[in-house]
Amino acid sequence: MQELFKCVVCGGSAQYISTLKYKRNICMNCISRLSVLHPFEYTTENNTTKTVCPLDDISPEQLKGEFEKARECREELIRKYDYKYAVFEVKAVKTIKGGFLQADYLNVYGRPLYGDFHIFDEVTISHSGGTTSARIDAICDDAITYAFHELGAKQIKQAELDGLTCTTASEGGAYVLAFKKGSFDVAERDIIFK
Amino acid sequence: MAKEPFICPICGKEEKYGYELTDGKICSECQEIAEPFLLGMDGGDEYDPSEMTVEIIGKYVKGKRGEVQADLDSVPKLPQWNSKLEKPPYCPICGEKFKLLNMSMQILDTYICITCFNKAEKYEIHKRCFHGTDDIKFHTLEQFRREVEAVDFSDSQTNCAMCGAGIEKESDYLWLADDSRICRNCVNKARSEYPIVTVREKKWFRTTEYNSYSQEDQGTYLEWTNDEERRDPIADLTLAEFKDAIGSVSASQEPTANDSQSASAEVYRTLPLFKNAGDLHKPKYTGQKNMFLLYCRMLSGSFTVGSKFKVVHGDRTFDYTVGGLLEWNGYHIHGEGRDLQKVEAGMMFAMLVGAQKIMIFPSDTLTTE
């Protein structure tokens, strides 16, 4: 008596999530290929955040055609942002006070439009016509932390121990990037790229 | 997600959650009545769990409720474990004499030598899910004999049945359904059409609890498992079927260009490689990242270590060099295996690329000149 988990697109099985509407399985490899076109959505109800799979409303017949659309969508973005390696769109910014002898931290909430950002990457922030470079000190990918968690000088180590931080911010997800505050500023709708 | 209700085939009641049997579901009320029977506690008899169908449980439940006369004599019972078996002087499978210090294992109906038992264990590990020694010691002598024969036949093959390459290590081959061995290189050629699948196997199994004080068996109990397991679909093919599969894979490859050197691969995912990833939070290790791992599928041609490839975005091309090739079964990321020198069309593989930044994204195509 067996229950097979097979990806409807590639036929393999890798870290499956099952979609709701059509009762089918799709693997993370195929989701990551489509995530530039169909990013994950998060809904908050009664202080709990849920991740909504964006592929729920797509029928299995349409799904195979979406890969070409996703590639075209990424190519357009690459051309639009002048062949940058990766681009991150800022949605909100929060300053976390460091306290006595501790540096302040900037928490930048948003999504990668395309490409991946990794921890300790040297990135460029374009703000009000000028650009400054900064280093990513921590990345958080939990949907709950998008709304409630703060990454300051004290909290980063604890967040690492709690397993809330990650090493990569990949396209399709919502992330918090933590920067040590320097002589630069970040605001809503700014672009971070590398 | 709300579960869809179902109608209990015994009492006709509509419920959302039920108790799963081999051929259907029953409601929680019927399950409560049938529970001692399902667990083999009713009168001390143990029944074969693979025979627990809705029809048999329905008879039992209706009998308990007084609706019909319960008739359980027809239900196949499990063979009982006999702890007072006499040990024969010779192993009934290989004929070796049991010496004073030779280990022997008791199985359901006799004793066999430890060498034959280990062979059966090897068979179980390769062919199906192995839940430990207690799982196979309930096999009969006939089952053991078949398994030992299969292992002997497989061990006699020192070359790949497909390409004839020599097989030295046990990890270098795969057992097919007809006990023939094929090497991992041949397996990799068909991997893109037969990726590893996850199977959720629902079966009953039993283990024996051993009381260290009384040194006696505490009896057996049955448990419903719900574990996910990886399964290689190639292992379910016979040699003839595998040859057909290789033929169909090579026929479905994209036609290569006139230049025989051209090759192309499709990217599934990209990952950076950090040195000392476990100590990332320590300042002295920060920023030590200069390599990427690309999980790919070879579409046509071949890549070797050191070959150069390009990625085209818009009107620009980005050139990279293959730093290393690793085996990948397509199951999950970080699932890469041994080093490879060359990858051919149809293979799933992981590629090392040395760079600080890469302009390679999922579903991009890597091509050689």
# chains A, B, ... in the order shown; residues from 1 in each chain; ligands from 1

$ residues_around --residues "B:Ile26" --least-positions-apart "5" --cutoff "6 Å" --atoms "only C-alpha atoms" --output "PyMOL selection string"
chain B and resi 8+18-19

$ residues_around --residues "B:Met298" --least-positions-apart "3" --cutoff "8 Å" --atoms "only C-alpha atoms" --output "CSV table (one decimal) with N, CA and C atoms, in the first residue's frame"
chain,number,residue,atom,x,y,z
B,264,SER,N,24.7,21.2,-24.0
B,264,SER,CA,23.9,22.2,-23.3
B,264,SER,C,23.3,21.5,-22.1
B,265,ALA,N,23.1,22.3,-21.0
B,265,ALA,CA,22.6,21.7,-19.8
B,265,ALA,C,21.6,22.7,-19.2
B,266,GLU,N,20.6,22.2,-18.5
B,266,GLU,CA,19.5,23.1,-17.9
B,266,GLU,C,19.8,23.2,-16.4
B,301,GLY,N,25.1,16.5,-25.6
B,301,GLY,CA,26.6,16.6,-25.5
B,301,GLY,C,27.1,16.2,-24.2
B,302,SER,N,28.3,16.7,-23.8
B,302,SER,CA,28.9,16.3,-22.6
B,302,SER,C,29.8,17.4,-22.0
B,343,VAL,N,30.1,14.3,-17.7
B,343,VAL,CA,28.7,14.1,-17.6
B,343,VAL,C,28.2,14.0,-19.0
B,344,GLU,N,27.2,13.1,-19.2
B,344,GLU,CA,26.7,12.9,-20.6
B,344,GLU,C,25.2,13.2,-20.6
B,345,ALA,N,24.7,13.2,-21.8
B,345,ALA,CA,23.3,13.6,-22.0
B,345,ALA,C,22.3,12.8,-21.2
B,346,GLY,N,21.4,13.4,-20.5
B,346,GLY,CA,20.4,12.7,-19.7
B,346,GLY,C,20.7,12.6,-18.3
B,347,MET,N,22.0,13.0,-17.9
B,347,MET,CA,22.4,12.8,-16.5
B,347,MET,C,22.0,14.0,-15.7
B,348,MET,N,21.7,13.8,-14.4
B,348,MET,CA,21.5,14.8,-13.4
B,348,MET,C,22.8,15.0,-12.7
B,349,PHE,N,23.3,16.2,-12.5
B,349,PHE,CA,24.6,16.4,-11.8
B,349,PHE,C,24.6,17.7,-11.2

$ residues_around --residues "stretch 321-326 of chain B" --least-positions-apart "5" --cutoff "12 Å" --atoms "only C-alpha atoms" --output "ChimeraX atom specification"
/B:188,290-298,302-311,334-344,347-355,358,366-368

$ write_last_selection --atoms "N, CA and C atoms" --output "short mmCIF file (atom, residue, chain, number, x, y, z; two decimals), in the first residue's frame"
data_model
loop_
_atom_site.label_atom_id
_atom_site.label_comp_id
_atom_site.auth_asym_id
_atom_site.auth_seq_id
_atom_site.Cartn_x
_atom_site.Cartn_y
_atom_site.Cartn_z
N ASN B 188 23.11 6.58 -14.09
CA ASN B 188 23.04 8.03 -14.28
C ASN B 188 22.52 8.41 -15.66
N ASN B 290 33.49 31.77 -2.48
CA ASN B 290 33.99 32.03 -3.83
C ASN B 290 33.60 30.91 -4.79
N MET B 291 32.60 30.13 -4.40
CA MET B 291 32.23 29.03 -5.24
C MET B 291 30.71 28.82 -5.25
N PHE B 292 30.20 28.39 -6.35
CA PHE B 292 28.77 28.13 -6.45
C PHE B 292 28.55 26.69 -6.90
N LEU B 293 27.43 26.16 -6.45
CA LEU B 293 27.05 24.81 -6.83
C LEU B 293 25.79 24.91 -7.69
N LEU B 294 25.86 24.41 -8.92
CA LEU B 294 24.71 24.46 -9.82
C LEU B 294 24.14 23.05 -9.97
N TYR B 295 22.85 22.91 -9.74
CA TYR B 295 22.20 21.61 -9.92
C TYR B 295 21.57 21.59 -11.30
N CYS B 296 22.02 20.67 -12.14
CA CYS B 296 21.66 20.73 -13.57
C CYS B 296 21.22 19.39 -14.12
N ARG B 297 20.68 19.46 -15.33
CA ARG B 297 20.38 18.26 -16.12
C ARG B 297 21.01 18.45 -17.49
N MET B 298 21.73 17.44 -17.93
CA MET B 298 22.42 17.53 -19.22
C MET B 298 21.41 17.29 -20.34
N SER B 302 28.31 16.67 -23.85
CA SER B 302 28.91 16.28 -22.58
C SER B 302 29.77 17.41 -22.02
N PHE B 303 29.87 17.45 -20.70
CA PHE B 303 30.74 18.40 -20.00
C PHE B 303 31.85 17.61 -19.31
N THR B 304 33.03 18.15 -19.31
CA THR B 304 34.11 17.56 -18.52
C THR B 304 34.65 18.63 -17.58
N VAL B 305 35.43 18.20 -16.59
CA VAL B 305 36.02 19.17 -15.66
C VAL B 305 36.99 20.05 -16.43
N GLY B 306 36.84 21.35 -16.30
CA GLY B 306 37.71 22.29 -17.00
C GLY B 306 37.12 22.84 -18.28
N SER B 307 36.00 22.26 -18.77
CA SER B 307 35.44 22.78 -20.02
C SER B 307 34.75 24.12 -19.77
N LYS B 308 34.77 24.96 -20.76
CA LYS B 308 34.20 26.31 -20.63
C LYS B 308 32.80 26.33 -21.20
N PHE B 309 31.93 27.11 -20.53
CA PHE B 309 30.56 27.25 -21.02
C PHE B 309 30.11 28.69 -20.87
N LYS B 310 28.98 28.99 -21.51
CA LYS B 310 28.49 30.38 -21.47
C LYS B 310 27.00 30.41 -21.19
N VAL B 311 26.56 31.55 -20.66
CA VAL B 311 25.14 31.79 -20.44
C VAL B 311 24.80 33.09 -21.16
N HIS B 334 21.84 19.54 -1.81
CA HIS B 334 22.83 18.93 -0.91
C HIS B 334 22.77 17.41 -1.02
N GLY B 335 22.19 16.87 -2.08
CA GLY B 335 22.14 15.42 -2.24
C GLY B 335 23.18 14.92 -3.23
N GLU B 336 24.28 15.67 -3.37
CA GLU B 336 25.28 15.29 -4.36
C GLU B 336 26.15 14.16 -3.83
N GLY B 337 26.69 13.38 -4.76
CA GLY B 337 27.46 12.20 -4.36
C GLY B 337 28.92 12.29 -4.78
N ARG B 338 29.42 11.23 -5.38
CA ARG B 338 30.85 11.15 -5.67
C ARG B 338 31.25 12.05 -6.85
N ASP B 339 32.54 12.25 -6.99
CA ASP B 339 33.07 13.10 -8.06
C ASP B 339 32.92 12.40 -9.41
N LEU B 340 32.69 13.20 -10.44
CA LEU B 340 32.62 12.68 -11.81
C LEU B 340 33.64 13.43 -12.66
N GLN B 341 34.14 12.77 -13.66
CA GLN B 341 35.05 13.43 -14.60
C GLN B 341 34.31 13.94 -15.83
N LYS B 342 33.18 13.28 -16.15
CA LYS B 342 32.47 13.63 -17.37
C LYS B 342 30.97 13.40 -17.15
N VAL B 343 30.15 14.29 -17.66
CA VAL B 343 28.70 14.06 -17.62
C VAL B 343 28.17 14.01 -19.04
N GLU B 344 27.24 13.09 -19.25
CA GLU B 344 26.70 12.91 -20.60
C GLU B 344 25.22 13.23 -20.63
N MET B 347 21.97 12.96 -17.89
CA MET B 347 22.39 12.81 -16.50
C MET B 347 22.00 14.02 -15.67
N MET B 348 21.68 13.77 -14.40
CA MET B 348 21.49 14.85 -13.44
C MET B 348 22.82 14.99 -12.70
N PHE B 349 23.26 16.20 -12.49
CA PHE B 349 24.57 16.37 -11.84
C PHE B 349 24.63 17.73 -11.15
N ALA B 350 25.62 17.86 -10.26
CA ALA B 350 25.90 19.15 -9.61
C ALA B 350 27.26 19.64 -10.11
N MET B 351 27.33 20.93 -10.42
CA MET B 351 28.54 21.48 -11.01
C MET B 351 29.10 22.57 -10.11
N LEU B 352 30.41 22.54 -9.91
CA LEU B 352 31.07 23.58 -9.11
C LEU B 352 31.59 24.66 -10.04
N VAL B 353 31.28 25.91 -9.71
CA VAL B 353 31.76 27.03 -10.52
C VAL B 353 32.42 28.03 -9.59
N GLY B 354 33.65 28.36 -9.86
CA GLY B 354 34.37 29.30 -9.02
C GLY B 354 34.13 30.72 -9.47
N ALA B 355 33.41 31.50 -8.65
CA ALA B 355 33.14 32.91 -8.96
C ALA B 355 32.61 33.60 -7.71
N ILE B 358 27.52 35.10 -9.77
CA ILE B 358 27.23 34.42 -11.02
C ILE B 358 25.93 34.96 -11.61
N LEU B 366 22.95 26.34 -20.08
CA LEU B 366 24.39 26.50 -20.20
C LEU B 366 24.83 25.84 -21.50
N THR B 367 25.58 26.54 -22.31
CA THR B 367 26.02 25.97 -23.60
C THR B 367 27.52 26.14 -23.77
N THR B 368 28.11 25.18 -24.47
CA THR B 368 29.52 25.33 -24.83
C THR B 368 29.60 26.02 -26.18
#

$ select_by_dssp --residues "stretch 29-117 of chain A" --states "strand (DSSP E)" --output "PyMOL selection string"
chain A and resi 41-45+48-52+87-96+105-114+117

$ residues_around --residues "stretch 73-88 of chain A" --least-positions-apart "4" --cutoff "9 Å" --atoms "only C-alpha atoms" --output "count of residues only"
26

$ atom_distance --atom1 "atom CA of B:Lys122" --atom2 "atom CA of B:Thr22"
27.9 Å

$ residues_around --residues "A:Tyr175" --least-positions-apart "3" --cutoff "7 Å" --atoms "only C-alpha atoms" --output "list in words"
Tyr109, Gly110, Arg111, Ile139, Cys140, Asp141, Tyr146 and Ala169 of chain A

$ interface_residues --of "chain A" --to "chain B" --cutoff "10 Å" --atoms "only C-alpha atoms" --output "PyMOL selection string"
chain A and resi 1-7+10-16+20-21+27-36+67-68+70-71+74-76+78-79+83-86+114-122+135+137-138+156-157+160-161+167-168+170-171+194

$ select_by_dssp --residues "stretch 2-157 of chain B" --states "helix (DSSP H, G or I)" --output "PyMOL selection string"
chain B and resi 28-38+49-51+54-65+114-127+133-136+141-155

$ atom_distance --atom1 "atom CA of B:Phe144" --atom2 "atom CA of B:Trp81"
16.3 Å

$ closest_residue --among "A:Val123, A:Val90, A:Ser133, A:Lys97" --to "A:Ala187" --atoms "only C-alpha atoms"
A:Val90

$ residues_around --residues "B:Ser28" --least-positions-apart "3" --cutoff "9 Å" --atoms "only C-alpha atoms" --output "ChimeraX atom specification"
/B:15,17-19,31-33

$ atom_distance --atom1 "atom CA of B:Met103" --atom2 "atom CA of B:Glu121"
15.3 Å

$ closest_residue --among "A:Val9, A:Glu41, A:Asn25, A:Ala159" --to "A:Leu63" --atoms "only C-alpha atoms"
A:Val9
